[in-house]
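What follows is a single structure, written as structure tokens, with notes after it.
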Amino acid sequence: MTLDEIIKEINKAETFVVLAHENPDGDAMGSTLAIANALKNMGKSTIDVLFKEYPAIFNMLPNIDLVKKEASISHYDMAIVLDCPDTKRVSSIYEEYIENAKVIVQFDHHLRNTMFGDYNVVNPVAPACAQILASSFPYMNIEITQDIATCLITGIITDTGGFRFDSTTTETFEFAGWALSKGVNVSKIYKEVLMTKSKSQFEAEKLAVSRLELLENDKITFTYMTKEDEQRLGVKAGELDGIATIGTTIKGVEIAIFAHERDNGFKISFRSNRIDVSDICMLFGGGGHKLAAGCTIDASIEEVKKAVIEETKKHLD
Ligand code: 5GP
Ligand code: MN
């Protein structure tokens, strides 16, 4: 089966690039570092985890120094791509390392994965890419050390919203219990990655809440943040990640929308407790999961708001 073949290929390879989606979250960071730690334990000579930038809260992950901005070689024996439905989700500056690699392996949990790897381990119902790794490693004879379990539980905690999303499974809790028994401080990681914010993050959330509008009979929420707001508040990487879900905590709200200005337009995050928002994002060239998806629209905030609300209200039933 695929996992047997992957481990054979890993055994043959010596140089690895490990990639995940741009603007990494806890699942992207935890999954890449879990793989990187496993490769390190196998004594591999070159392990480059590439991110342009990542949230400072993940500096606690074991062997975070394997994360680099620049590749050390141009042609790797293997590219391992995590938490990406297609290669376009990786920073464009790193895409060439996937193309140039002798073997491409991917693990992912997104809908509509393009199966771009030579080996694809894709399970769209898994709540986190890290959970797929947690269940795959034993079949690959990769020992889940305390360090690897720390990385994996970080991905699982962040992508399940602290075990609260519907995607959470029995295996999620079984792995958390097992990690605890291995000495991983699960509650500490939970507090660090989900319940701790910097002053700038708090100020950004305060602004987003103050701007949040309830629309369409209080079934849709909309809020936004401009680049100017971010600069003024000193917002750092990842600090806006919690804003998208705020609207979904209001009783009766079906779809929460957060538009956040980037260099290439407004990145729109959609969240729902029930309705498939990946369908809406697909119409705007994006995608994601059923209840958490995104897209980018290059227009003014007024135009963005009009376009997304027009489309979103058609998806209310
Ligand atoms: P977020 O709103 O947190 O950035 O993204 C939510 C989910 O939607 C994530 O799984 C993310 O990978 C996916 N997503 C966000 N933006 C895009 C996009 O532009 N294209 C695709 N295909 N997926 C996206
Ligand atoms: Mn993920």
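Following the order of the structure tokens, chains are lettered A, B, ..., residues in each are numbered from 1, and ligands are numbered from 1.
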Could you report the residues within 12 Å of ligand 2, using only C-alpha atoms and all ligand atoms, as an MDAnalysis selection string?
-> chainID A and resid 20:32 81:85 89 107:111 122:133 152 154:161 167 288:289 292:293
Enumerate, as JSON, numbers by chain, the complete set of residues in region 20-142 of chain A that a backbone-based DSSP assignment places in strand (DSSP E).
-> {"A": [20, 46, 47, 48, 49, 50, 67, 68, 78, 79, 80, 81, 82, 103, 104, 105, 106, 107, 108, 119, 120, 121, 122]}
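Proximity to ligand 1 was assessed for A:Ser74, A:Thr296, A:Ser181, A:Thr172 counting only C-alpha atoms and all ligand atoms; the smallest distance is recorded for A:Thr296.
Separating CA of Ile257 (chain A) from CA of Ile93 (chain A) is a distance of 28.7 Å.
Atom pair CA of Asn100 (chain A) / CA of Met140 (chain A): separated by 24.9 Å.
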Pick out the residues sitting within 10 Å of Lys199 (chain A), and hand them over as a ChimeraX atom specification; count only C-alpha atoms, and ignore anything fewer than 6 positions along from it in its own chain.
-> /A:205,233-235
Near Thr150 (chain A), counting only C-alpha atoms, which residues have an atom at most 9 Å away, once you skip same-chain residues fewer than 3 positions from it, shown as a count of residues only?
-> 15
Measuring atom to atom with only C-alpha atoms and all ligand atoms, identify which of A:Ala134, A:Ala256, A:Ile57, A:Ala176 is nearest to ligand 1.
-> A:Ala256
Region 67-69 of chain A environment, 6 Å, only C-alpha atoms, sequence neighbours closer than 2 positions dropped, as a tab-separated table (two decimals) with C-alpha atoms, in the first residue's frame:
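The result, written out as part-v4.tsv:
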```tsv
chain	number	residue	atom	x	y	z
A	49	VAL	CA	11.24	23.12	6.13
A	50	LEU	CA	10.50	26.26	4.11
A	51	PHE	CA	8.28	29.13	5.26
A	52	LYS	CA	8.59	32.82	4.40
A	64	ILE	CA	11.92	24.76	14.97
A	65	ASP	CA	15.41	25.66	13.69
```
With distances taken over only C-alpha atoms, the candidate from A:Glu228, A:Lys102, A:Ala259, A:Lys314 nearest Glu302 (chain A) is A:Ala259
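From CA of Gly238 (chain A) back to CA of Ile104 (chain A), the distance works out to 27.6 Å.
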May I have the residues within 9 Å of Thr87 (chain A) as a compact mmCIF listing (two decimals) with N, CA and C atoms, in the first residue's frame, using only C-alpha atoms and disregarding those fewer than 4 positions away in the same chain?
```txt
# COMPACT_ATOMS: atom_id res chain seq x y z
N HIS A 21 1.14 25.03 3.32
CA HIS A 21 0.57 26.24 2.73
C HIS A 21 1.14 27.52 3.33
N VAL A 81 4.85 17.41 0.93
CA VAL A 81 3.95 18.57 0.96
C VAL A 81 2.78 18.23 1.88
N SER A 91 3.76 28.77 -0.97
CA SER A 91 4.29 30.06 -1.43
C SER A 91 4.87 29.91 -2.83
N SER A 92 4.56 30.85 -3.74
CA SER A 92 5.01 30.67 -5.13
C SER A 92 6.53 30.54 -5.25
N GLU A 95 7.43 26.75 -5.06
CA GLU A 95 6.80 25.75 -5.94
C GLU A 95 7.81 24.95 -6.76
N ILE A 98 9.07 21.66 -5.49
CA ILE A 98 8.17 20.50 -5.67
C ILE A 98 8.43 19.93 -7.06
N THR A 114 -5.95 17.79 -5.63
CA THR A 114 -5.65 17.49 -7.04
C THR A 114 -4.75 16.26 -7.23
N PHE A 116 -1.60 15.72 -6.64
CA PHE A 116 -0.42 16.15 -7.40
C PHE A 116 0.84 15.34 -7.09
```
Could you check which of A:Ser272, A:Thr223, A:Asn41, A:Asn113 is closest to Phe165 (chain A), using only C-alpha atoms?
->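 With only C-alpha atoms as the atom set, the closest residue is A:Ser272.
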Could you pull out the residues in region 87-309 of chain A that DSSP calls alpha helix (DSSP H) from the backbone, as a VMD selection string?
-> chain A and resid 95 to 100 129 to 136 146 to 159 170 to 181 186 to 194 199 to 211 227 to 233 278 to 283 301 to 309
Counting only C-alpha atoms, figure out which residue out of A:Val277, A:Val17, A:Tyr139, A:Thr169 gets nearest to Met1 (chain A).
-> A:Tyr139
